[in-house]
>>> print(open('query-v8.csv').read())   # CSV, C-alpha atoms
chain,number,residue,atom,x,y,z
G,971,MET,CA,78.4,-110.6,-137.5
G,972,ASP,CA,76.6,-113.3,-139.5
G,973,THR,CA,73.0,-113.1,-140.7
G,974,HIS,CA,71.6,-115.3,-137.9
G,975,SER,CA,73.3,-113.1,-135.2
G,976,ILE,CA,71.8,-110.0,-136.7
G,977,LYS,CA,68.4,-111.5,-136.8
G,978,ARG,CA,68.7,-112.7,-133.1
G,979,HIS,CA,69.8,-109.3,-132.0
G,980,SER,CA,67.0,-107.6,-134.0
G,981,THR,CA,64.4,-109.9,-132.5
G,982,LYS,CA,65.7,-109.5,-129.0
G,983,GLY,CA,65.6,-105.7,-129.4
G,984,LEU,CA,62.1,-105.8,-130.7
G,985,THR,CA,61.0,-108.1,-127.9
G,986,TRP,CA,62.5,-105.8,-125.3
G,987,SER,CA,60.8,-102.8,-126.9
G,988,LYS,CA,57.4,-104.5,-126.8
G,989,ARG,CA,58.0,-105.4,-123.2
G,990,ASN,CA,58.9,-101.8,-122.3
G,991,ALA,CA,55.8,-100.6,-124.2
G,992,THR,CA,53.6,-103.0,-122.2
G,993,TYR,CA,55.1,-101.8,-118.9
G,994,VAL,CA,54.5,-98.2,-119.9
G,995,LEU,CA,50.9,-98.9,-120.9
G,996,MET,CA,50.3,-100.7,-117.6
G,997,ILE,CA,51.7,-97.7,-115.7
G,998,LEU,CA,49.6,-95.3,-117.6
G,999,VAL,CA,46.4,-97.4,-116.9
G,1000,LEU,CA,47.2,-97.5,-113.2
G,1001,VAL,CA,47.9,-93.7,-113.1
G,1002,SER,CA,44.6,-93.1,-114.9
G,1003,LEU,CA,42.8,-95.3,-112.4
G,1004,LEU,CA,44.5,-93.8,-109.4
G,1005,PRO,CA,41.9,-90.9,-108.9
G,1006,ILE,CA,39.1,-93.4,-109.0
G,1007,LEU,CA,40.8,-95.8,-106.6
G,1008,VAL,CA,41.5,-92.9,-104.2
G,1009,GLN,CA,37.8,-91.8,-104.4
G,1010,LYS,CA,36.6,-95.4,-103.7
G,1011,GLY,CA,38.9,-95.6,-100.7
G,1012,LEU,CA,37.7,-92.3,-99.3
G,1013,ALA,CA,34.1,-93.3,-99.8
G,1014,ASN,CA,34.7,-96.6,-98.0
G,1015,ALA,CA,36.5,-94.8,-95.1
G,1016,TYR,CA,33.6,-92.4,-94.7
G,1017,HIS,CA,31.1,-95.3,-94.9
G,1018,PHE,CA,32.8,-97.2,-92.1
G,1019,LYS,CA,33.0,-94.1,-90.0
G,1020,SER,CA,29.3,-93.6,-90.1
G,1021,ARG,CA,28.6,-97.3,-89.6
G,1022,PHE,CA,30.8,-97.2,-86.5
G,1023,TYR,CA,28.4,-94.6,-85.0
G,1024,ILE,CA,25.3,-96.6,-86.0
G,1025,ASP,CA,26.6,-99.7,-84.4
G,1026,GLN,CA,27.3,-97.8,-81.2
G,1027,TRP,CA,23.8,-96.4,-81.1
G,1028,HIS,CA,22.3,-99.9,-81.8
G,1029,GLU,CA,24.1,-101.1,-78.6
G,1030,GLY,CA,22.1,-98.6,-76.6
G,1031,ASN,CA,24.3,-95.5,-76.6
G,1032,VAL,CA,22.3,-92.3,-77.1
G,1033,PRO,CA,23.6,-90.2,-80.0
G,1034,THR,CA,25.1,-86.9,-79.1
G,1035,GLU,CA,24.7,-83.9,-81.5
G,1036,LEU,CA,28.4,-84.1,-82.3
G,1037,GLN,CA,28.2,-87.9,-83.1
G,1038,TYR,CA,25.2,-87.4,-85.2
G,1039,SER,CA,26.8,-84.5,-87.2
G,1040,ASN,CA,30.0,-86.5,-87.8
G,1041,ALA,CA,28.1,-89.6,-88.8
G,1042,LEU,CA,25.8,-87.6,-91.1
G,1043,LEU,CA,28.7,-85.8,-92.7
G,1044,ALA,CA,30.6,-89.0,-93.3
G,1045,ALA,CA,27.6,-90.8,-94.7
G,1046,ASP,CA,26.8,-87.9,-97.0
G,1047,TYR,CA,30.4,-87.8,-98.3
G,1048,ALA,CA,30.4,-91.5,-99.1
G,1049,TYR,CA,27.0,-91.1,-100.9
G,1050,LYS,CA,28.2,-88.1,-102.9
G,1051,ILE,CA,31.4,-90.0,-104.0
G,1052,ASP,CA,29.5,-93.1,-105.0
G,1053,ASN,CA,25.7,-92.7,-105.1
G,1054,LYS,CA,25.3,-96.1,-106.8
G,1055,ASN,CA,26.6,-98.1,-103.9
G,1056,PRO,CA,23.5,-99.6,-102.0
G,1057,HIS,CA,25.4,-99.9,-98.8
G,1058,TYR,CA,26.2,-96.1,-98.8
G,1059,LEU,CA,22.6,-95.3,-99.6
G,1060,LEU,CA,21.2,-97.4,-96.7
G,1061,THR,CA,23.8,-96.1,-94.3
G,1062,LEU,CA,22.9,-92.5,-95.1
G,1063,ALA,CA,19.2,-93.4,-94.6
G,1064,LYS,CA,20.0,-95.1,-91.2
G,1065,VAL,CA,22.0,-92.1,-89.9
G,1066,MET,CA,19.1,-89.8,-90.9
G,1067,GLU,CA,16.7,-92.1,-89.1
G,1068,TRP,CA,18.7,-91.8,-85.9
G,1069,GLY,CA,18.5,-88.0,-86.3
G,1070,VAL,CA,14.7,-88.3,-86.4
G,1071,PHE,CA,14.4,-90.7,-83.5
G,1072,SER,CA,16.8,-88.5,-81.4
G,1073,SER,CA,14.9,-85.3,-82.3
G,1074,MET,CA,17.9,-83.8,-83.9
G,1075,ALA,CA,16.5,-83.7,-87.4
G,1076,GLN,CA,13.2,-83.5,-89.2
G,1077,SER,CA,11.9,-86.4,-91.3
G,1078,ASN,CA,12.5,-86.1,-95.0
G,1079,PRO,CA,10.1,-88.7,-96.6
G,1080,ASN,CA,11.1,-87.8,-100.2
G,1081,LEU,CA,14.8,-88.4,-99.6
G,1082,PHE,CA,14.1,-91.5,-97.5
G,1083,ASN,CA,12.0,-93.0,-100.3
G,1084,LYS,CA,14.7,-92.1,-102.9
G,1085,LEU,CA,17.5,-93.6,-100.9
G,1086,TYR,CA,15.7,-96.9,-100.3
G,1087,ALA,CA,14.3,-97.1,-103.8
G,1088,GLU,CA,17.7,-96.6,-105.3
G,1089,ALA,CA,19.4,-99.1,-102.9
G,1090,ILE,CA,16.8,-101.7,-103.9
G,1091,ARG,CA,17.2,-100.9,-107.6
G,1092,PHE,CA,21.0,-101.3,-107.4
G,1093,ARG,CA,20.8,-104.5,-105.4
G,1094,PRO,CA,17.3,-106.0,-105.9
G,1095,THR,CA,17.9,-109.3,-104.0
G,1096,TRP,CA,19.3,-107.7,-100.8
G,1097,PRO,CA,16.7,-108.5,-98.0
G,1098,ASN,CA,18.0,-105.9,-95.6
G,1099,ALA,CA,17.1,-103.1,-98.0
G,1100,TYR,CA,13.5,-104.3,-98.1
G,1101,SER,CA,13.2,-104.8,-94.3
G,1102,ASP,CA,14.9,-101.5,-93.5
G,1103,TYR,CA,12.6,-99.6,-95.9
G,1104,ALA,CA,9.6,-101.3,-94.3
G,1105,TYR,CA,10.9,-100.2,-90.8
G,1106,ASN,CA,11.2,-96.6,-92.1
G,1107,LEU,CA,7.8,-96.6,-93.6
G,1108,THR,CA,6.2,-97.9,-90.4
G,1109,PHE,CA,7.9,-95.9,-87.7
G,1110,ILE,CA,8.9,-92.7,-89.5
G,1111,GLN,CA,6.4,-92.3,-92.3
G,1112,HIS,CA,3.6,-94.2,-90.5
G,1113,ASP,CA,2.5,-96.1,-93.6
G,1114,LEU,CA,2.0,-99.7,-92.6
G,1115,GLU,CA,0.0,-100.5,-95.7
G,1116,LYS,CA,2.9,-99.5,-97.9
G,1117,ALA,CA,5.5,-101.1,-95.6
G,1118,TRP,CA,4.1,-104.6,-95.4
G,1119,PRO,CA,4.8,-105.7,-99.0
G,1120,TYR,CA,8.4,-104.9,-98.5
G,1121,LEU,CA,8.5,-107.2,-95.4
G,1122,ILE,CA,7.1,-110.0,-97.7
G,1123,LEU,CA,9.9,-109.3,-100.2
G,1124,ALA,CA,12.5,-109.2,-97.4
G,1125,GLU,CA,11.3,-112.6,-96.1
G,1126,GLN,CA,11.4,-113.9,-99.7
G,1127,TYR,CA,15.0,-113.0,-100.3
G,1128,GLY,CA,16.3,-113.6,-96.7
G,1129,PRO,CA,13.9,-115.9,-94.8
G,1130,TYR,CA,16.5,-116.5,-92.0
G,1131,THR,CA,18.4,-113.2,-92.1
G,1132,PRO,CA,18.6,-111.9,-88.5
G,1133,GLU,CA,17.9,-108.3,-89.5
G,1134,VAL,CA,14.8,-109.3,-91.5
G,1135,LEU,CA,13.4,-111.4,-88.6
G,1136,HIS,CA,14.0,-108.5,-86.2
G,1137,GLN,CA,12.2,-106.0,-88.5
G,1138,ILE,CA,9.2,-108.3,-89.0
G,1139,LEU,CA,8.9,-108.8,-85.3
G,1140,SER,CA,9.4,-105.1,-84.5
G,1141,ILE,CA,6.8,-103.9,-87.1
G,1142,GLY,CA,4.4,-106.8,-86.4
G,1143,PHE,CA,4.4,-106.4,-82.6
G,1144,ALA,CA,4.2,-102.5,-82.8
G,1145,SER,CA,1.3,-102.7,-85.3
G,1146,TRP,CA,-0.4,-105.8,-83.8
G,1147,PRO,CA,-4.0,-104.3,-83.4
G,1148,ASN,CA,-4.0,-103.1,-87.0
G,1149,LEU,CA,-2.8,-106.4,-88.6
G,1150,THR,CA,-4.9,-108.7,-90.7
G,1151,VAL,CA,-5.1,-112.4,-89.8
G,1152,THR,CA,-2.7,-113.2,-92.6
G,1153,GLN,CA,-0.2,-110.6,-91.4
G,1154,LYS,CA,-0.4,-111.9,-87.8
G,1155,LEU,CA,0.2,-115.4,-89.1
G,1156,GLN,CA,3.4,-114.2,-90.8
G,1157,VAL,CA,4.5,-112.6,-87.4
G,1158,PHE,CA,3.8,-115.9,-85.6
G,1159,LYS,CA,5.8,-117.9,-88.1
G,1160,THR,CA,8.7,-115.4,-87.7
G,1161,ALA,CA,8.5,-115.7,-84.0
G,1162,LYS,CA,8.8,-119.5,-84.3
G,1163,LYS,CA,11.9,-119.0,-86.5
G,1164,ALA,CA,13.4,-116.8,-83.8
G,1165,ALA,CA,12.5,-119.2,-81.0
G,1166,THR,CA,14.2,-122.1,-82.8
G,1167,ALA,CA,17.3,-120.1,-83.8
G,1168,ASN,CA,20.3,-119.0,-81.8
G,1169,TRP,CA,20.3,-117.3,-78.4
G,1170,LEU,CA,20.7,-113.8,-79.9
G,1171,LEU,CA,17.4,-114.1,-81.9
G,1172,ARG,CA,15.7,-115.8,-78.9
G,1173,ASN,CA,16.6,-112.9,-76.6
G,1174,ASP,CA,15.5,-110.4,-79.3
G,1175,LEU,CA,12.1,-112.2,-79.5
G,1176,LYS,CA,11.7,-112.2,-75.8
G,1177,LYS,CA,12.7,-108.5,-75.5
G,1178,LEU,CA,10.3,-107.4,-78.2
G,1179,ALA,CA,7.5,-109.5,-76.9
G,1180,ASN,CA,7.9,-107.9,-73.5
G,1181,GLN,CA,8.2,-104.4,-74.9
G,1182,TYR,CA,4.9,-104.7,-76.7
G,1183,GLN,CA,3.2,-106.8,-74.0
G,1184,LEU,CA,2.6,-109.7,-76.4
G,1185,THR,CA,4.3,-112.4,-74.4
G,1186,PRO,CA,1.0,-114.1,-73.3
G,1187,ILE,CA,-0.3,-114.2,-76.9
G,1188,LEU,CA,2.9,-115.7,-78.2
G,1189,CYS,CA,3.1,-118.3,-75.4
G,1190,THR,CA,-0.5,-119.3,-76.2
G,1191,TYR,CA,0.4,-119.7,-79.9
G,1192,PHE,CA,3.5,-121.8,-79.0
G,1193,SER,CA,1.6,-124.0,-76.6
G,1194,ASN,CA,-1.1,-124.8,-79.2
G,1195,MET,CA,1.0,-125.0,-82.4
G,1196,SER,CA,1.2,-128.1,-84.5
G,1197,PRO,CA,3.5,-129.8,-85.2
G,1198,ARG,CA,5.4,-129.3,-82.0
G,1199,MET,CA,8.8,-127.8,-81.9
G,1200,ALA,CA,12.0,-129.7,-81.0
G,1201,THR,CA,12.4,-130.6,-77.3
G,1202,GLN,CA,15.2,-128.1,-76.6
G,1203,ASP,CA,13.2,-125.3,-78.2
G,1204,GLU,CA,10.1,-126.0,-76.2
G,1205,LYS,CA,12.3,-126.2,-73.1
G,1206,TRP,CA,13.6,-122.7,-73.7
G,1207,ILE,CA,10.1,-121.4,-74.3
G,1208,ASN,CA,8.6,-123.0,-71.2
G,1209,GLN,CA,11.5,-122.3,-68.8
G,1210,ASP,CA,12.6,-118.8,-70.1
G,1211,MET,CA,10.2,-116.9,-72.3
G,1212,CYS,CA,6.9,-118.2,-71.0
G,1213,ARG,CA,7.9,-119.0,-67.4
G,1214,LYS,CA,5.3,-117.8,-64.9
>>> encode(input="query-v8.csv", output="structure tokens")
Amino acid sequence: MDTHSIKRHSTKGLTWSKRNATYVLMILVLVSLLPILVQKGLANAYHFKSRFYIDQWHEGNVPTELQYSNALLAADYAYKIDNKNPHYLLTLAKVMEWGVFSSMAQSNPNLFNKLYAEAIRFRPTWPNAYSDYAYNLTFIQHDLEKAWPYLILAEQYGPYTPEVLHQILSIGFASWPNLTVTQKLQVFKTAKKAATANWLLRNDLKKLANQYQLTPILCTYFSNMSPRMATQDEKWINQDMCRK
């Protein structure tokens, strides 16, 4: 075997050894990450299980004790596996809220405040975190003064987010007699956004206005506002929401 053949054979063997070493290293990295990936997968599965129940309850189904227990257990598992995921934090808070609303659990303001504050800290531009916290502060902790600044932040980060518009209308209508002129103006502007949006937000506006008996006040606002809304939006207001 000549010198060149020996060099080629040596280089080929060295290259093959490096390639094998790279494969081994990749396998070792994947094996080391496997427990983390499994944990992340479990957390996600628990999260979606609890979200499934929340969505069912939002559609009008009344939570049963078994459903609430399963949802709470799943949300708590996801939170314990990854307590820095803002979605898991909010989901746990929302499940706990359903427990309070359904008289299956006592309110825990300290834990609520911790969950929402941490969710906001980990994702400071998420409008839903602000609006959901405002909802909790208003309807569970009965602290409208503390809640309103979070609604302002929610609108700042998500001015057309459906969940944000819903929470502003819900809190605003429920607290109407206690609102300042500036706060009522914010609610009116949000009502205009909903009235000029899609049919889901329009129906939500109509339902909430009827629930809190504020339809006449809103219709007066719409009929006197300037500038006027688009023709198709005024048509819906006059023929559906404000029809006598």
>>> residues_around(input="query-v8.csv", residues="stretch 1096-1098 of chain G", least_positions_apart="6", cutoff="12 Å", atoms="all atoms listed in the file", output="short mmCIF file (atom, residue, chain, number, x, y, z; two decimals) with C-alpha atoms, keeping the file's coordinate frame")
data_model
loop_
_atom_site.label_atom_id
_atom_site.label_comp_id
_atom_site.auth_asym_id
_atom_site.auth_seq_id
_atom_site.Cartn_x
_atom_site.Cartn_y
_atom_site.Cartn_z
CA PRO G 1056 23.50 -99.60 -102.00
CA HIS G 1057 25.40 -99.90 -98.80
CA LEU G 1060 21.20 -97.40 -96.70
CA THR G 1061 23.80 -96.10 -94.30
CA LYS G 1064 20.00 -95.10 -91.20
CA TYR G 1086 15.70 -96.90 -100.30
CA ALA G 1089 19.40 -99.10 -102.90
CA ILE G 1090 16.80 -101.70 -103.90
CA ALA G 1104 9.60 -101.30 -94.30
CA TYR G 1105 10.90 -100.20 -90.80
CA TYR G 1120 8.40 -104.90 -98.50
CA LEU G 1121 8.50 -107.20 -95.40
CA ILE G 1122 7.10 -110.00 -97.70
CA LEU G 1123 9.90 -109.30 -100.20
CA ALA G 1124 12.50 -109.20 -97.40
CA GLU G 1125 11.30 -112.60 -96.10
CA GLN G 1126 11.40 -113.90 -99.70
CA TYR G 1127 15.00 -113.00 -100.30
CA GLY G 1128 16.30 -113.60 -96.70
CA PRO G 1129 13.90 -115.90 -94.80
CA TYR G 1130 16.50 -116.50 -92.00
CA THR G 1131 18.40 -113.20 -92.10
CA PRO G 1132 18.60 -111.90 -88.50
CA GLU G 1133 17.90 -108.30 -89.50
CA VAL G 1134 14.80 -109.30 -91.50
CA LEU G 1135 13.40 -111.40 -88.60
CA HIS G 1136 14.00 -108.50 -86.20
CA GLN G 1137 12.20 -106.00 -88.50
CA ILE G 1138 9.20 -108.30 -89.00
#
>>> atom_distance(input="query-v8.csv", atom1="atom CA of G:Tyr1016", atom2="atom CA of G:Ala1044")
4.7 Å
>>> residues_around(input="query-v8.csv", residues="stretch 1199-1212 of chain G", least_positions_apart="3", cutoff="10 Å", atoms="all atoms listed in the file", output="list in words")
Lys1162, Ala1165, Thr1166, Ala1167, Trp1169, Arg1172, Asn1173, Leu1175, Lys1176, Lys1177, Ala1179, Asn1180, Thr1185, Pro1186, Leu1188, Cys1189, Thr1190, Phe1192, Ser1193, Met1195 and Ser1196 of chain G
>>> write_last_selection(input="query-v8.csv", atoms="C-alpha atoms", output="PDB file, in the coordinates of the input")
ATOM      1  CA  LYS G1162       8.800-119.500 -84.300  1.00  0.00           C
ATOM      2  CA  ALA G1165      12.500-119.200 -81.000  1.00  0.00           C
ATOM      3  CA  THR G1166      14.200-122.100 -82.800  1.00  0.00           C
ATOM      4  CA  ALA G1167      17.300-120.100 -83.800  1.00  0.00           C
ATOM      5  CA  TRP G1169      20.300-117.300 -78.400  1.00  0.00           C
ATOM      6  CA  ARG G1172      15.700-115.800 -78.900  1.00  0.00           C
ATOM      7  CA  ASN G1173      16.600-112.900 -76.600  1.00  0.00           C
ATOM      8  CA  LEU G1175      12.100-112.200 -79.500  1.00  0.00           C
ATOM      9  CA  LYS G1176      11.700-112.200 -75.800  1.00  0.00           C
ATOM     10  CA  LYS G1177      12.700-108.500 -75.500  1.00  0.00           C
ATOM     11  CA  ALA G1179       7.500-109.500 -76.900  1.00  0.00           C
ATOM     12  CA  ASN G1180       7.900-107.900 -73.500  1.00  0.00           C
ATOM     13  CA  THR G1185       4.300-112.400 -74.400  1.00  0.00           C
ATOM     14  CA  PRO G1186       1.000-114.100 -73.300  1.00  0.00           C
ATOM     15  CA  LEU G1188       2.900-115.700 -78.200  1.00  0.00           C
ATOM     16  CA  CYS G1189       3.100-118.300 -75.400  1.00  0.00           C
ATOM     17  CA  THR G1190      -0.500-119.300 -76.200  1.00  0.00           C
ATOM     18  CA  PHE G1192       3.500-121.800 -79.000  1.00  0.00           C
ATOM     19  CA  SER G1193       1.600-124.000 -76.600  1.00  0.00           C
ATOM     20  CA  MET G1195       1.000-125.000 -82.400  1.00  0.00           C
ATOM     21  CA  SER G1196       1.200-128.100 -84.500  1.00  0.00           C
TER      22      SER G1196
END
>>> residues_near_point(input="query-v8.csv", point="(23.2, -100.3, -85.7)", cutoff="12 Å", atoms="all atoms listed in the file", output="mmCIF file with C-alpha atoms, keeping the file's coordinate frame")
data_model
loop_
_atom_site.group_PDB
_atom_site.id
_atom_site.type_symbol
_atom_site.label_atom_id
_atom_site.label_comp_id
_atom_site.auth_asym_id
_atom_site.auth_seq_id
_atom_site.Cartn_x
_atom_site.Cartn_y
_atom_site.Cartn_z
ATOM 1 C CA PHE G 1018 32.800 -97.200 -92.100
ATOM 2 C CA SER G 1020 29.300 -93.600 -90.100
ATOM 3 C CA ARG G 1021 28.600 -97.300 -89.600
ATOM 4 C CA PHE G 1022 30.800 -97.200 -86.500
ATOM 5 C CA TYR G 1023 28.400 -94.600 -85.000
ATOM 6 C CA ILE G 1024 25.300 -96.600 -86.000
ATOM 7 C CA ASP G 1025 26.600 -99.700 -84.400
ATOM 8 C CA GLN G 1026 27.300 -97.800 -81.200
ATOM 9 C CA TRP G 1027 23.800 -96.400 -81.100
ATOM 10 C CA HIS G 1028 22.300 -99.900 -81.800
ATOM 11 C CA GLU G 1029 24.100 -101.100 -78.600
ATOM 12 C CA GLY G 1030 22.100 -98.600 -76.600
ATOM 13 C CA ASN G 1031 24.300 -95.500 -76.600
ATOM 14 C CA VAL G 1032 22.300 -92.300 -77.100
ATOM 15 C CA PRO G 1033 23.600 -90.200 -80.000
ATOM 16 C CA LEU G 1060 21.200 -97.400 -96.700
ATOM 17 C CA THR G 1061 23.800 -96.100 -94.300
ATOM 18 C CA ALA G 1063 19.200 -93.400 -94.600
ATOM 19 C CA LYS G 1064 20.000 -95.100 -91.200
ATOM 20 C CA VAL G 1065 22.000 -92.100 -89.900
ATOM 21 C CA GLU G 1067 16.700 -92.100 -89.100
ATOM 22 C CA TRP G 1068 18.700 -91.800 -85.900
ATOM 23 C CA ASP G 1102 14.900 -101.500 -93.500
ATOM 24 C CA GLU G 1133 17.900 -108.300 -89.500
#
>>> closest_residue(input="query-v8.csv", among="G:Trp1118, G:Phe1109, G:Tyr1058, G:Phe1092", to="G:Ser1077", atoms="all atoms listed in the file")
G:Phe1109
>>> atom_distance(input="query-v8.csv", atom1="atom CA of G:Leu1184", atom2="atom CA of G:Asn1168")
20.7 Å
>>> closest_residue(input="query-v8.csv", among="G:Ala1045, G:Ala1015, G:Leu1139, G:Ala1164", to="G:Leu1059", atoms="only C-alpha atoms")
G:Ala1045
>>> atom_distance(input="query-v8.csv", atom1="atom CA of G:Thr1034", atom2="atom CA of G:Asn1106")
21.4 Å
>>> residues_around(input="query-v8.csv", residues="G:Arg1091", least_positions_apart="6", cutoff="10 Å", atoms="only C-alpha atoms", output="ChimeraX atom specification")
/G:1054,1056,1085,1099
>>> closest_residue(input="query-v8.csv", among="G:Met1066, G:Ala1048, G:Ile1187, G:Ala1144", to="G:Leu1081", atoms="only C-alpha atoms")
G:Met1066
>>> build_atoms(input="query-v8.csv", residues="stretch 1128-1136 of chain G", atoms="all heavy atoms", output="CSV table (one decimal), in the frame of the given file")
chain,number,residue,atom,x,y,z
G,1128,GLY,N,15.4,-113.2,-97.9
G,1128,GLY,CA,16.3,-113.6,-96.7
G,1128,GLY,C,15.4,-114.1,-95.6
G,1128,GLY,O,15.3,-113.5,-94.5
G,1129,PRO,N,14.9,-115.3,-95.8
G,1129,PRO,CA,13.9,-115.9,-94.8
G,1129,PRO,C,14.5,-116.1,-93.4
G,1129,PRO,O,13.8,-116.2,-92.4
G,1129,PRO,CB,13.5,-117.2,-95.4
G,1129,PRO,CG,14.5,-117.6,-96.4
G,1129,PRO,CD,15.0,-116.2,-96.9
G,1130,TYR,N,15.9,-116.3,-93.3
G,1130,TYR,CA,16.5,-116.5,-92.0
G,1130,TYR,C,17.5,-115.4,-91.7
G,1130,TYR,O,18.4,-115.6,-90.8
G,1130,TYR,CB,17.2,-117.9,-92.0
G,1130,TYR,CG,16.1,-119.0,-92.1
G,1130,TYR,CD1,15.8,-119.6,-93.3
G,1130,TYR,CD2,15.4,-119.4,-90.9
G,1130,TYR,CE1,14.8,-120.6,-93.4
G,1130,TYR,CE2,14.5,-120.4,-91.0
G,1130,TYR,CZ,14.2,-121.0,-92.2
G,1130,TYR,OH,13.2,-122.0,-92.3
G,1131,THR,N,17.5,-114.3,-92.4
G,1131,THR,CA,18.4,-113.2,-92.1
G,1131,THR,C,18.0,-112.6,-90.8
G,1131,THR,O,16.9,-112.1,-90.6
G,1131,THR,CB,18.4,-112.2,-93.2
G,1131,THR,OG1,18.7,-112.8,-94.5
G,1131,THR,CG2,19.3,-111.0,-93.0
G,1132,PRO,N,18.9,-112.5,-89.8
G,1132,PRO,CA,18.6,-111.9,-88.5
G,1132,PRO,C,17.9,-110.5,-88.6
G,1132,PRO,O,17.0,-110.3,-87.8
G,1132,PRO,CB,19.9,-111.9,-87.8
G,1132,PRO,CG,20.7,-112.9,-88.4
G,1132,PRO,CD,20.3,-112.9,-89.9
G,1133,GLU,N,18.5,-109.6,-89.4
G,1133,GLU,CA,17.9,-108.3,-89.5
G,1133,GLU,C,16.5,-108.3,-90.0
G,1133,GLU,O,15.6,-107.5,-89.6
G,1133,GLU,CB,18.8,-107.4,-90.4
G,1133,GLU,CG,20.2,-107.1,-89.9
G,1133,GLU,CD,21.2,-108.2,-90.1
G,1133,GLU,OE1,20.8,-109.2,-90.8
G,1133,GLU,OE2,22.3,-108.1,-89.7
G,1134,VAL,N,16.2,-109.2,-90.9
G,1134,VAL,CA,14.8,-109.3,-91.5
G,1134,VAL,C,13.9,-109.8,-90.4
G,1134,VAL,O,12.8,-109.3,-90.2
G,1134,VAL,CB,14.8,-110.3,-92.7
G,1134,VAL,CG1,13.4,-110.6,-93.1
G,1134,VAL,CG2,15.6,-109.7,-93.9
G,1135,LEU,N,14.3,-110.9,-89.7
G,1135,LEU,CA,13.4,-111.4,-88.6
G,1135,LEU,C,13.2,-110.3,-87.6
G,1135,LEU,O,12.0,-110.2,-87.1
G,1135,LEU,CB,14.1,-112.6,-88.0
G,1135,LEU,CG,14.4,-113.8,-88.9
G,1135,LEU,CD1,15.0,-115.0,-88.1
G,1135,LEU,CD2,13.1,-114.3,-89.6
G,1136,HIS,N,14.2,-109.6,-87.2
G,1136,HIS,CA,14.0,-108.5,-86.2
G,1136,HIS,C,13.0,-107.4,-86.7
G,1136,HIS,O,12.1,-107.0,-85.9
G,1136,HIS,CB,15.4,-107.8,-85.9
G,1136,HIS,CG,15.2,-106.6,-85.1
G,1136,HIS,ND1,15.1,-106.7,-83.7
G,1136,HIS,CD2,15.1,-105.3,-85.4
G,1136,HIS,CE1,15.0,-105.5,-83.2
G,1136,HIS,NE2,15.0,-104.6,-84.2
